[in-house]
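Chemist: upload.txt is the file, holding compact mmCIF, C-alpha atoms and all ligand atoms:
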# COMPACT_ATOMS: atom_id res chain seq x y z
CA MET Z 43 -61.84 17.69 -68.33
CA TYR Z 44 -63.54 16.16 -71.35
CA ARG Z 45 -67.01 15.41 -72.60
CA LEU Z 46 -68.90 14.69 -75.82
CA LYS Z 47 -70.23 17.59 -77.85
CA CYS Z 48 -72.49 17.69 -80.90
CA ILE Z 49 -70.79 19.40 -83.86
CA LYS Z 50 -74.20 20.57 -85.13
CA CYS Z 51 -76.19 21.88 -82.14
CA SER Z 52 -73.41 21.98 -79.48
CA GLU Z 53 -75.41 19.81 -77.07
CA GLU Z 54 -73.04 18.28 -74.51
CA TYR Z 55 -72.99 14.80 -72.99
CA PRO Z 56 -70.92 13.48 -70.06
CA HIS Z 57 -67.79 11.55 -70.96
CA ASP Z 58 -69.31 8.23 -69.88
CA LYS Z 59 -72.41 8.58 -72.06
CA GLN Z 60 -72.65 5.64 -74.45
CA THR Z 61 -73.62 7.37 -77.67
CA PHE Z 62 -71.93 8.49 -80.89
CA ILE Z 63 -74.86 10.52 -82.26
CA CYS Z 64 -76.57 13.55 -80.75
CA GLU Z 65 -79.89 12.51 -79.23
CA LYS Z 66 -81.34 15.93 -79.95
CA CYS Z 67 -80.42 16.57 -83.60
CA GLN Z 68 -78.69 13.33 -84.81
CA GLY Z 69 -75.48 15.29 -85.42
CA LEU Z 70 -72.02 13.76 -85.06
CA LEU Z 71 -70.30 13.99 -81.69
CA GLU Z 72 -66.72 14.95 -80.95
CA VAL Z 73 -64.68 14.86 -77.78
CA SER Z 74 -64.33 18.31 -76.27
CA ILE Z 75 -61.31 18.80 -74.02
CA ASP Z 76 -60.89 21.71 -71.58
CA ILE Z 77 -57.62 22.93 -73.10
CA ASP Z 78 -57.13 25.48 -70.30
CA LYS Z 79 -57.03 22.66 -67.75
CA VAL Z 80 -54.31 20.75 -69.63
CA SER Z 81 -50.89 21.03 -68.07
CA ALA Z 82 -48.03 19.91 -70.31
CA ASP Z 83 -45.27 21.45 -72.38
CA LYS Z 84 -42.59 20.46 -74.85
CA ASP Z 85 -40.36 19.21 -72.01
CA THR Z 86 -43.11 16.96 -70.66
CA PHE Z 87 -43.43 15.39 -74.10
CA ASP Z 88 -39.67 15.21 -74.69
CA LYS Z 89 -39.22 12.86 -71.74
CA ARG Z 90 -41.31 10.19 -73.47
CA PRO Z 91 -40.66 8.26 -76.70
CA ILE Z 92 -42.38 9.65 -79.78
CA GLY Z 93 -45.74 8.01 -80.40
CA VAL Z 94 -49.41 8.38 -79.54
CA TRP Z 95 -48.94 8.33 -75.73
CA ARG Z 96 -46.21 10.98 -75.73
CA TYR Z 97 -49.08 13.50 -75.75
CA ARG Z 98 -51.04 11.80 -73.01
CA GLU Z 99 -52.30 15.03 -71.42
CA PHE Z 100 -54.26 15.68 -74.62
CA LEU Z 101 -55.81 12.21 -74.66
CA PRO Z 102 -59.18 11.70 -72.96
CA VAL Z 103 -58.53 8.68 -70.75
CA GLY Z 104 -59.02 8.34 -67.01
CA GLU Z 105 -56.06 8.46 -64.59
CA GLY Z 106 -55.95 4.76 -63.78
CA ALA Z 107 -56.89 3.52 -67.26
CA LYS Z 108 -55.33 0.30 -68.50
CA ILE Z 109 -53.72 1.40 -71.73
CA ILE Z 110 -53.84 -1.04 -74.62
CA THR Z 111 -50.86 -0.24 -76.80
CA LEU Z 112 -48.70 -1.87 -79.46
CA LYS Z 113 -46.39 1.18 -79.47
CA GLU Z 114 -48.20 2.87 -82.33
CA GLY Z 115 -47.29 6.21 -83.85
CA GLY Z 116 -43.79 7.62 -83.93
CA THR Z 117 -43.89 7.09 -87.68
CA PRO Z 118 -41.15 8.67 -89.83
CA LEU Z 119 -41.51 12.09 -91.40
CA TYR Z 120 -39.33 11.84 -94.50
CA PRO Z 121 -38.13 14.80 -96.55
CA GLY Z 122 -39.56 14.11 -100.02
CA GLU Z 123 -36.41 15.37 -101.74
CA ASN Z 124 -36.64 13.44 -104.99
CA ILE Z 125 -40.35 13.96 -105.66
CA GLN Z 126 -40.01 17.60 -104.69
CA LYS Z 127 -37.26 18.08 -107.26
CA LYS Z 128 -39.18 16.21 -109.94
CA ILE Z 129 -42.38 18.22 -109.65
CA GLY Z 130 -40.87 21.59 -108.74
CA LEU Z 131 -41.64 22.11 -105.04
CA ASP Z 132 -39.43 23.62 -102.32
CA ASP Z 133 -40.33 21.87 -99.09
CA LEU Z 134 -42.08 18.51 -99.17
CA TYR Z 135 -42.38 15.89 -96.40
CA ILE Z 136 -44.00 12.49 -96.27
CA LYS Z 137 -45.47 11.19 -93.02
CA ASN Z 138 -45.49 7.45 -93.52
CA GLU Z 139 -48.29 5.98 -91.45
CA GLY Z 140 -47.71 2.59 -93.06
CA ALA Z 141 -44.93 2.23 -90.47
CA ASN Z 142 -47.47 1.64 -87.68
CA PRO Z 143 -47.66 -1.81 -85.99
CA THR Z 144 -50.34 -3.23 -88.29
CA GLY Z 145 -49.27 -1.13 -91.27
CA SER Z 146 -51.78 1.73 -91.21
CA PHE Z 147 -52.79 4.89 -89.33
CA LYS Z 148 -55.74 3.01 -87.82
CA ASP Z 149 -53.50 1.84 -84.98
CA ARG Z 150 -53.40 5.38 -83.56
CA GLY Z 151 -57.16 5.21 -83.20
CA MET Z 152 -57.32 1.65 -81.93
CA THR Z 153 -54.98 2.22 -78.99
CA LEU Z 154 -57.48 4.82 -77.75
CA GLY Z 155 -60.46 2.79 -78.91
CA LEU Z 156 -59.54 -0.36 -77.01
CA THR Z 157 -58.44 1.59 -73.96
CA LYS Z 158 -61.89 3.24 -73.91
CA ALA Z 159 -63.62 -0.09 -74.62
CA LEU Z 160 -62.09 -1.50 -71.43
CA GLU Z 161 -62.99 1.66 -69.52
CA PHE Z 162 -66.60 1.17 -70.68
CA LYS Z 163 -66.40 -2.50 -69.62
CA ALA Z 164 -67.05 -3.84 -73.13
CA THR Z 165 -66.69 -7.57 -73.62
CA GLY Z 166 -66.41 -7.40 -77.40
CA VAL Z 167 -65.61 -4.93 -80.17
CA CYS Z 168 -66.72 -4.68 -83.78
CA CYS Z 169 -66.29 -2.71 -86.99
CA ALA Z 170 -67.13 -2.63 -90.67
CA SER Z 171 -64.11 -2.13 -92.84
CA THR Z 172 -62.54 -1.76 -96.24
CA GLY Z 173 -59.66 -3.71 -94.65
CA ASN Z 174 -57.26 -1.67 -92.53
CA THR Z 175 -59.65 -0.91 -89.69
CA SER Z 176 -60.42 -4.62 -89.35
CA ALA Z 177 -56.73 -5.59 -89.37
CA SER Z 178 -55.98 -3.03 -86.69
CA LEU Z 179 -59.04 -3.75 -84.56
CA ALA Z 180 -58.33 -7.49 -84.65
CA ALA Z 181 -54.76 -6.95 -83.39
CA TYR Z 182 -55.71 -4.51 -80.61
CA ALA Z 183 -58.66 -6.65 -79.53
CA ALA Z 184 -56.25 -9.57 -79.23
CA LYS Z 185 -53.96 -7.47 -77.03
CA ALA Z 186 -56.94 -6.35 -74.91
CA ASN Z 187 -58.25 -9.91 -74.70
CA LEU Z 188 -61.65 -8.92 -76.12
CA LYS Z 189 -63.75 -10.72 -78.71
CA CYS Z 190 -63.74 -9.09 -82.11
CA LEU Z 191 -66.26 -9.09 -84.98
CA VAL Z 192 -65.43 -7.54 -88.35
CA ILE Z 193 -67.84 -7.16 -91.26
CA LEU Z 194 -66.33 -6.73 -94.72
CA PRO Z 195 -67.60 -6.34 -98.27
CA ALA Z 196 -67.08 -9.81 -99.81
CA GLY Z 197 -64.35 -10.01 -102.45
CA LYS Z 198 -63.34 -6.37 -102.07
CA ILE Z 199 -60.71 -6.55 -99.34
CA ALA Z 200 -57.00 -6.46 -100.18
CA VAL Z 201 -55.52 -9.83 -99.30
CA GLY Z 202 -52.92 -8.60 -96.78
CA LYS Z 203 -55.58 -6.91 -94.66
CA LEU Z 204 -57.86 -9.94 -94.72
CA ALA Z 205 -54.95 -12.15 -93.70
CA GLN Z 206 -54.24 -9.90 -90.72
CA ALA Z 207 -57.84 -9.91 -89.45
CA ILE Z 208 -57.91 -13.72 -89.69
CA LEU Z 209 -54.46 -14.15 -88.10
CA HIS Z 210 -55.34 -12.03 -85.07
CA GLY Z 211 -58.38 -14.19 -84.39
CA ALA Z 212 -61.31 -11.94 -85.30
CA LYS Z 213 -64.66 -13.36 -86.33
CA VAL Z 214 -64.56 -12.32 -89.98
CA VAL Z 215 -67.87 -11.99 -91.81
CA ALA Z 216 -68.08 -11.09 -95.50
CA ILE Z 217 -71.34 -9.63 -96.79
CA ARG Z 218 -72.73 -9.43 -100.29
CA GLY Z 219 -72.72 -5.68 -100.40
CA ASN Z 220 -70.32 -2.74 -100.18
CA PHE Z 221 -68.66 -0.97 -97.23
CA ASP Z 222 -71.66 1.29 -96.67
CA ASP Z 223 -73.91 -1.79 -96.32
CA ALA Z 224 -71.36 -3.36 -93.94
CA LEU Z 225 -71.34 -0.25 -91.77
CA LYS Z 226 -75.14 -0.24 -91.53
CA LEU Z 227 -75.12 -3.90 -90.53
CA VAL Z 228 -72.39 -3.56 -87.92
CA ARG Z 229 -74.12 -0.56 -86.34
CA ALA Z 230 -77.25 -2.66 -85.97
CA ALA Z 231 -75.19 -5.59 -84.64
CA SER Z 232 -73.43 -3.37 -82.14
CA GLU Z 233 -76.80 -2.33 -80.67
CA LYS Z 234 -78.51 -5.68 -80.85
CA PHE Z 235 -75.65 -7.76 -79.41
CA ASP Z 236 -74.11 -5.03 -77.23
CA ILE Z 237 -70.68 -5.06 -78.90
CA TYR Z 238 -68.58 -1.90 -78.74
CA LEU Z 239 -68.42 -0.20 -82.16
CA LEU Z 240 -65.01 1.05 -83.29
CA ASN Z 241 -65.63 2.61 -86.66
CA SER Z 242 -64.61 6.24 -87.04
CA ILE Z 243 -68.08 7.39 -86.04
CA ASN Z 244 -66.70 6.61 -82.56
CA PRO Z 245 -65.22 9.98 -81.49
CA TRP Z 246 -62.89 8.38 -78.91
CA ARG Z 247 -61.05 6.52 -81.65
CA LEU Z 248 -60.47 9.76 -83.55
CA GLU Z 249 -58.75 11.17 -80.46
CA GLY Z 250 -55.92 8.73 -81.09
CA GLN Z 251 -55.74 9.66 -84.76
CA LYS Z 252 -55.31 13.37 -83.97
CA THR Z 253 -51.82 12.56 -82.64
CA ALA Z 254 -50.56 12.40 -86.25
CA ALA Z 255 -50.86 16.22 -86.16
CA PHE Z 256 -49.01 16.41 -82.83
CA GLU Z 257 -46.16 14.32 -84.20
CA ILE Z 258 -45.85 16.34 -87.40
CA ILE Z 259 -45.56 19.55 -85.35
CA ASP Z 260 -43.03 17.89 -83.03
CA GLN Z 261 -40.99 16.45 -85.92
CA LEU Z 262 -40.93 19.79 -87.75
CA GLY Z 263 -39.38 21.46 -84.67
CA TRP Z 264 -42.61 22.79 -83.15
CA GLN Z 265 -44.11 24.40 -86.19
CA ALA Z 266 -47.07 23.58 -88.41
CA PRO Z 267 -46.65 23.06 -92.16
CA ASP Z 268 -48.56 25.24 -94.62
CA ARG Z 269 -50.52 22.30 -95.96
CA ILE Z 270 -51.48 18.74 -95.07
CA ILE Z 271 -52.56 16.40 -97.87
CA VAL Z 272 -54.42 13.25 -96.86
CA PRO Z 273 -56.41 10.52 -98.60
CA VAL Z 274 -60.11 10.64 -97.70
CA GLY Z 275 -62.61 7.79 -97.43
CA ASN Z 276 -64.99 7.77 -94.48
CA CYS Z 277 -63.63 11.22 -93.53
CA GLY Z 278 -62.49 10.35 -90.00
CA ASN Z 279 -58.77 10.87 -90.39
CA ILE Z 280 -58.79 14.32 -91.98
CA SER Z 281 -61.19 15.48 -89.24
CA ALA Z 282 -59.05 13.99 -86.47
CA ILE Z 283 -55.82 15.50 -87.80
CA TRP Z 284 -57.44 18.93 -88.07
CA LYS Z 285 -58.65 18.62 -84.46
CA GLY Z 286 -55.08 17.83 -83.38
CA PHE Z 287 -53.70 20.92 -85.09
CA LYS Z 288 -56.40 23.10 -83.56
CA GLU Z 289 -55.71 21.79 -80.06
CA PHE Z 290 -51.96 22.52 -80.22
CA TYR Z 291 -52.76 25.92 -81.72
CA ASN Z 292 -55.29 26.78 -79.00
CA TYR Z 293 -52.83 25.61 -76.37
CA GLY Z 294 -50.20 27.96 -77.82
CA LEU Z 295 -47.73 25.35 -79.07
CA ILE Z 296 -47.91 26.58 -82.69
CA ASP Z 297 -48.79 29.97 -84.14
CA LYS Z 298 -50.47 29.02 -87.41
CA LEU Z 299 -52.65 26.26 -88.84
CA PRO Z 300 -52.20 24.25 -92.04
CA LYS Z 301 -54.62 24.10 -94.95
CA MET Z 302 -56.29 20.69 -94.84
CA THR Z 303 -56.35 19.16 -98.30
CA GLY Z 304 -58.34 15.96 -98.78
CA ILE Z 305 -58.00 13.66 -101.78
CA GLN Z 306 -60.70 11.22 -102.89
CA ALA Z 307 -60.62 8.66 -105.66
CA GLU Z 308 -62.76 9.91 -108.53
CA GLY Z 309 -65.06 6.86 -108.46
CA ALA Z 310 -65.75 7.33 -104.74
CA SER Z 311 -65.72 11.08 -104.27
CA PRO Z 312 -69.03 12.29 -102.83
CA VAL Z 313 -67.40 14.73 -100.40
CA ALA Z 314 -65.03 16.25 -102.95
CA GLN Z 315 -68.00 16.67 -105.32
CA ALA Z 316 -70.04 18.45 -102.62
CA PHE Z 317 -67.07 20.71 -101.87
CA LYS Z 318 -66.56 21.58 -105.52
CA GLU Z 319 -70.24 22.41 -105.91
CA GLY Z 320 -70.18 24.52 -102.73
CA LYS Z 321 -72.79 22.31 -101.04
CA ASP Z 322 -73.02 21.04 -97.46
CA ASP Z 323 -75.21 18.12 -98.44
CA VAL Z 324 -73.23 15.14 -99.59
CA VAL Z 325 -74.97 13.03 -102.21
CA PRO Z 326 -73.88 9.41 -101.69
CA PHE Z 327 -72.36 7.37 -104.55
CA ASN Z 328 -74.45 4.21 -104.79
CA ASN Z 329 -71.78 2.15 -106.53
CA PRO Z 330 -68.43 3.56 -105.45
CA ASP Z 331 -65.55 2.11 -107.43
CA THR Z 332 -61.78 2.54 -107.40
CA ILE Z 333 -58.58 0.50 -107.42
CA ALA Z 334 -57.91 2.13 -104.03
CA THR Z 335 -60.17 -0.31 -102.19
CA ALA Z 336 -59.43 1.26 -98.80
CA ILE Z 337 -61.31 4.39 -99.80
CA ARG Z 338 -64.05 2.79 -101.87
CA ILE Z 339 -66.82 4.40 -99.80
CA GLY Z 340 -70.02 5.95 -101.16
CA ALA Z 341 -71.62 7.45 -98.05
CA PRO Z 342 -68.90 8.71 -95.69
CA VAL Z 343 -70.30 9.05 -92.16
CA ASN Z 344 -67.92 11.80 -91.05
CA ALA Z 345 -68.48 13.99 -94.11
CA PRO Z 346 -69.76 17.00 -92.09
CA LYS Z 347 -66.60 16.95 -89.95
CA ALA Z 348 -64.34 16.74 -93.01
CA LEU Z 349 -66.12 19.54 -94.85
CA ALA Z 350 -65.81 21.73 -91.74
CA ALA Z 351 -62.07 20.93 -91.43
CA VAL Z 352 -61.42 21.83 -95.05
CA LYS Z 353 -63.45 25.04 -94.94
CA GLU Z 354 -62.19 26.27 -91.55
CA SER Z 355 -58.60 25.72 -92.60
CA GLY Z 356 -58.92 27.32 -96.04
CA GLY Z 357 -58.03 24.02 -97.67
CA LEU Z 358 -59.75 22.04 -100.39
CA LEU Z 359 -60.93 18.63 -101.57
CA GLU Z 360 -59.78 17.20 -104.89
CA THR Z 361 -60.32 14.00 -106.85
CA VAL Z 362 -57.76 11.81 -108.59
CA THR Z 363 -58.21 9.01 -111.13
CA ASP Z 364 -57.07 5.43 -110.56
CA GLU Z 365 -54.34 6.00 -113.13
CA GLU Z 366 -53.06 9.02 -111.21
CA ILE Z 367 -53.13 6.98 -108.00
CA LEU Z 368 -51.10 4.12 -109.48
CA ASN Z 369 -48.59 6.54 -111.03
CA ALA Z 370 -48.17 8.17 -107.62
CA GLN Z 371 -47.66 4.75 -105.99
CA THR Z 372 -44.83 4.10 -108.45
CA LEU Z 373 -43.37 7.57 -107.93
CA LEU Z 374 -43.18 7.09 -104.16
CA ALA Z 375 -41.78 3.59 -104.45
CA CYS Z 376 -39.17 4.35 -107.10
CA LEU Z 377 -38.11 7.89 -106.12
CA GLU Z 378 -38.40 7.82 -102.34
CA GLY Z 379 -38.21 4.12 -101.43
CA ILE Z 380 -41.57 4.29 -99.70
CA GLY Z 381 -43.95 1.43 -100.47
CA VAL Z 382 -47.63 2.25 -99.99
CA GLU Z 383 -50.96 0.75 -100.94
CA PRO Z 384 -52.99 2.54 -103.66
CA ALA Z 385 -55.30 4.52 -101.32
CA SER Z 386 -52.22 5.86 -99.57
CA ALA Z 387 -50.78 7.14 -102.80
CA ALA Z 388 -53.87 9.30 -103.33
CA SER Z 389 -52.21 12.05 -101.27
CA ILE Z 390 -49.21 12.10 -103.64
CA ALA Z 391 -51.49 11.88 -106.68
CA GLY Z 392 -53.35 14.91 -105.33
CA LEU Z 393 -50.08 16.71 -104.70
CA VAL Z 394 -48.99 16.17 -108.29
CA LYS Z 395 -52.35 17.28 -109.68
CA LEU Z 396 -52.62 20.40 -107.51
CA THR Z 397 -49.03 21.40 -108.27
CA LYS Z 398 -49.68 21.11 -112.00
CA SER Z 399 -52.87 23.18 -111.74
CA SER Z 400 -51.00 25.77 -109.61
CA GLU Z 401 -53.45 25.44 -106.71
CA ILE Z 402 -50.43 24.73 -104.54
CA ASP Z 403 -47.82 27.42 -104.18
CA THR Z 404 -44.41 25.85 -104.88
CA SER Z 405 -42.87 27.51 -101.79
CA GLU Z 406 -45.31 25.90 -99.33
CA LYS Z 407 -44.13 23.54 -96.61
CA ILE Z 408 -46.28 20.50 -97.40
CA VAL Z 409 -46.79 17.24 -95.54
CA CYS Z 410 -48.36 14.39 -97.50
CA ILE Z 411 -49.72 11.60 -95.33
CA THR Z 412 -49.35 8.08 -96.65
CA THR Z 413 -51.83 5.96 -94.78
CA GLY Z 414 -51.11 2.25 -95.43
CA HIS Z 415 -48.22 -0.11 -96.29
CA ALA Z 416 -47.61 -1.53 -99.79
CA LEU Z 417 -47.80 -5.14 -98.57
CA LYS Z 418 -51.43 -4.67 -97.59
CA ASP Z 419 -52.35 -5.06 -101.24
CA PRO Z 420 -49.77 -7.15 -103.14
CA GLU Z 421 -52.23 -7.88 -105.95
CA ALA Z 422 -52.31 -4.18 -106.87
CA ILE Z 423 -48.57 -4.57 -107.48
CA PHE Z 424 -48.45 -7.93 -109.27
CA SER Z 425 -51.28 -6.98 -111.60
CA ARG Z 426 -49.28 -4.21 -113.27
CA PHE Z 427 -45.56 -4.90 -112.90
CA GLU Z 428 -43.39 -7.38 -114.78
CA LYS Z 429 -43.10 -10.82 -113.21
CA PRO Z 430 -39.53 -12.01 -112.43
CA ILE Z 431 -37.65 -13.50 -115.41
CA GLU Z 432 -36.79 -17.13 -114.69
CA ILE Z 433 -33.34 -18.40 -115.75
CA GLU Z 434 -30.86 -21.20 -114.96
CA PRO Z 435 -28.33 -20.24 -112.25
CA ASP Z 436 -25.76 -19.40 -114.92
CA ILE Z 437 -23.71 -16.20 -115.33
CA GLU Z 438 -23.99 -16.19 -119.15
CA GLU Z 439 -27.75 -16.46 -119.01
CA LEU Z 440 -27.82 -13.66 -116.47
CA GLU Z 441 -25.63 -11.48 -118.68
CA LYS Z 442 -27.99 -11.99 -121.62
CA ILE Z 443 -30.91 -10.44 -119.78
CA LEU Z 444 -29.06 -7.55 -118.09
CA ASP Z 445 -28.88 -4.20 -119.84
N1 LIG F 1 -56.13 5.36 -96.43
C1 LIG F 1 -56.23 4.08 -96.06
C2 LIG F 1 -55.09 3.16 -96.33
C3 LIG F 1 -57.41 3.63 -95.41
O1 LIG F 1 -57.50 2.36 -95.04
C4 LIG F 1 -58.48 4.53 -95.19
C5 LIG F 1 -59.73 4.09 -94.57
C6 LIG F 1 -58.29 5.86 -95.60
C7 LIG F 1 -57.12 6.23 -96.21
C8 LIG F 1 -59.35 6.89 -95.40
O2 LIG F 1 -59.48 7.29 -94.07
O3 LIG F 1 -61.86 6.75 -93.74
O4 LIG F 1 -60.64 8.16 -92.12
O5 LIG F 1 -61.18 9.04 -94.39
N2 LIG F 1 -60.02 2.90 -94.32
C9 LIG F 1 -61.19 2.46 -93.57
C10 LIG F 1 -61.10 0.98 -93.26
C11 LIG F 1 -62.48 2.90 -94.10
O6 LIG F 1 -62.14 0.33 -93.04
O7 LIG F 1 -60.00 0.46 -93.17
P1 LIG F 1 -60.87 7.85 -93.54
Using structure tokens, write down the structure that the file contains.
Modeler:
Amino acid sequence: MYRLKCIKCSEEYPHDKQTFICEKCQGLLEVSIDIDKVSADKDTFDKRPIGVWRYREFLPVGEGAKIITLKEGGTPLYPGENIQKKIGLDDLYIKNEGANPTGSFKDRGMTLGLTKALEFKATGVCCASTGNTSASLAAYAAKANLKCLVILPAGKIAVGKLAQAILHGAKVVAIRGNFDDALKLVRAASEKFDIYLLNSINPWRLEGQKTAAFEIIDQLGWQAPDRIIVPVGNCGNISAIWKGFKEFYNYGLIDKLPKMTGIQAEGASPVAQAFKEGKDDVVPFNNPDTIATAIRIGAPVNAPKALAAVKESGGLLETVTDEEILNAQTLLACLEGIGVEPASAASIAGLVKLTKSSEIDTSEKIVCITTGHALKDPEAIFSRFEKPIEIEPDIEELEKILD
């Protein structure tokens, strides 16, 4: 019912083939599911709790597979009433992926990733990461009882994420280099030491991430929004979410598709630049830089998938500055009560920018995806907000400092 297929030359490989890259043309692979052989409907899903595995028929795992789960997904879809009013929109929602077990959307991918790793009889798993992937992989590897190696750019990982990877018992290696260097190294390590690679170049992992689209449709009462806005780094998530929408559309569960809108931080925006220049070739940024460390990536591996998602859907890619990102983080926290890390706030920063420039129609039904929890990166908060005022435990002293 499912196999691997090259997105460039359409070459197919059996589902148990151990490769992530087309052997013929070096193109990226995706999982191709025979949608006409799927048998499930809204009632089938309704009998199960909301979350990744509610949509099991659309997930490429064998019948008897041992499923590694921490009950990921089922994240809230909030109406963004206050932001909507402030910036003049009619119908805004926020899908808060920070509510996943390890605090980011990566958990959707890792439940599939570790389930497949066991199916493929892996004894260890590995990834390079800007932080969240490593936190998630470490937790799911612990649950699956597999060894875990994570390679991180030294000094560039938000402290909450690093703490998680260490706590869950991963072997944590920091390299003198950036994320792109870490990814190169871990790909070599995966081959040399036969450790299963779980970066987003792994198409099985993205199958879990596509369930964010399924849940949005489900939570909106079986309809698709007009637009999805999502932060973009290595380009896996936007591609996965688009695949999810297409599958439910092809299966007949929705009758239209949303415009996929990807937001990159200006200092790490090679894909948005290529899109704006109308090019398919993405020119890497050699020294990517942004406060949004999660998306500080100069050479995104899934760029061709993301560009295809944006073009096929009639969407767009936009950049936002660090200042716009931090303002959006504050807006979400103080108007909606949703605490997110800077990279997460890129979707809201993009929303604000595109509304101002009238690229978004104010009547659209829009879902902004916030990808990671505020506590992942406490330093990004402490560095710009007032520290607590210290006083004696005395009512007069308290009165003096209250407005
Ligand atoms: N938002 C957050 C919070 C992330 O951690 C990431 C990616 C993204 C957005 C971008 O998603 O790469 O699929 O386009 N973080 C990866 C990591 C790279 O290692 O944790 P993408």
Chemist: What does the structure give for the distance between atom CA of Z:Gly356 and atom CA of Z:Pro300, in Å to one decimal?
Modeler: 8.4 Å
Chemist: Using only C-alpha atoms, determine which residues lie at most 12 Å from Z:Gln126, disregarding the query and same-chain residues fewer than 4 positions distant; provide the list as a PyMOL selection string.
Modeler: chain Z and resi 120-122+130-136+373-374+377-378+390+393-394+397+404-410
Chemist: My list of candidates is Z:Pro91, Z:Pro267, Z:Pro430, Z:Gly151. Which is closest to ligand LIG 1 (chain F) when distances are computed with all atoms listed in the file?
Modeler: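 Of all the options, Z:Gly151 lies closest to ligand LIG 1 (chain F).
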Chemist: Which chains and residue numbers are within 6 Å of ligand LIG 1 (chain F), counting all atoms listed in the file, if I want them as a list of chain:residue names?
Modeler: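 So the residues close to ligand LIG 1 (chain F) are Z:Ser171, Z:Thr172, Z:Gly173, Z:Asn174, Z:Thr175, Z:Pro273, Z:Val274, Z:Gly275, Z:Asn276, Z:Cys277, Z:Gly278, Z:Asn279, Z:Ala336, Z:Ile337, Z:Ala385, Z:Ser386, Z:Thr413, Z:Gly414.
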Chemist: How many Å lie between atom CA of Z:Ile208 and atom CA of Z:Ala164, rounded to one decimal?
Modeler: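 Pair atom CA of Z:Ile208 / atom CA of Z:Ala164 returns 21.3 Å.
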Chemist: With all atoms listed in the file as the basis for distance, which of Z:Val343, Z:Ala310, Z:Ile305, Z:Leu194 is at the shortest distance from Z:Gly357?
Modeler: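 Closest residue, counting all atoms listed in the file: Z:Ile305.
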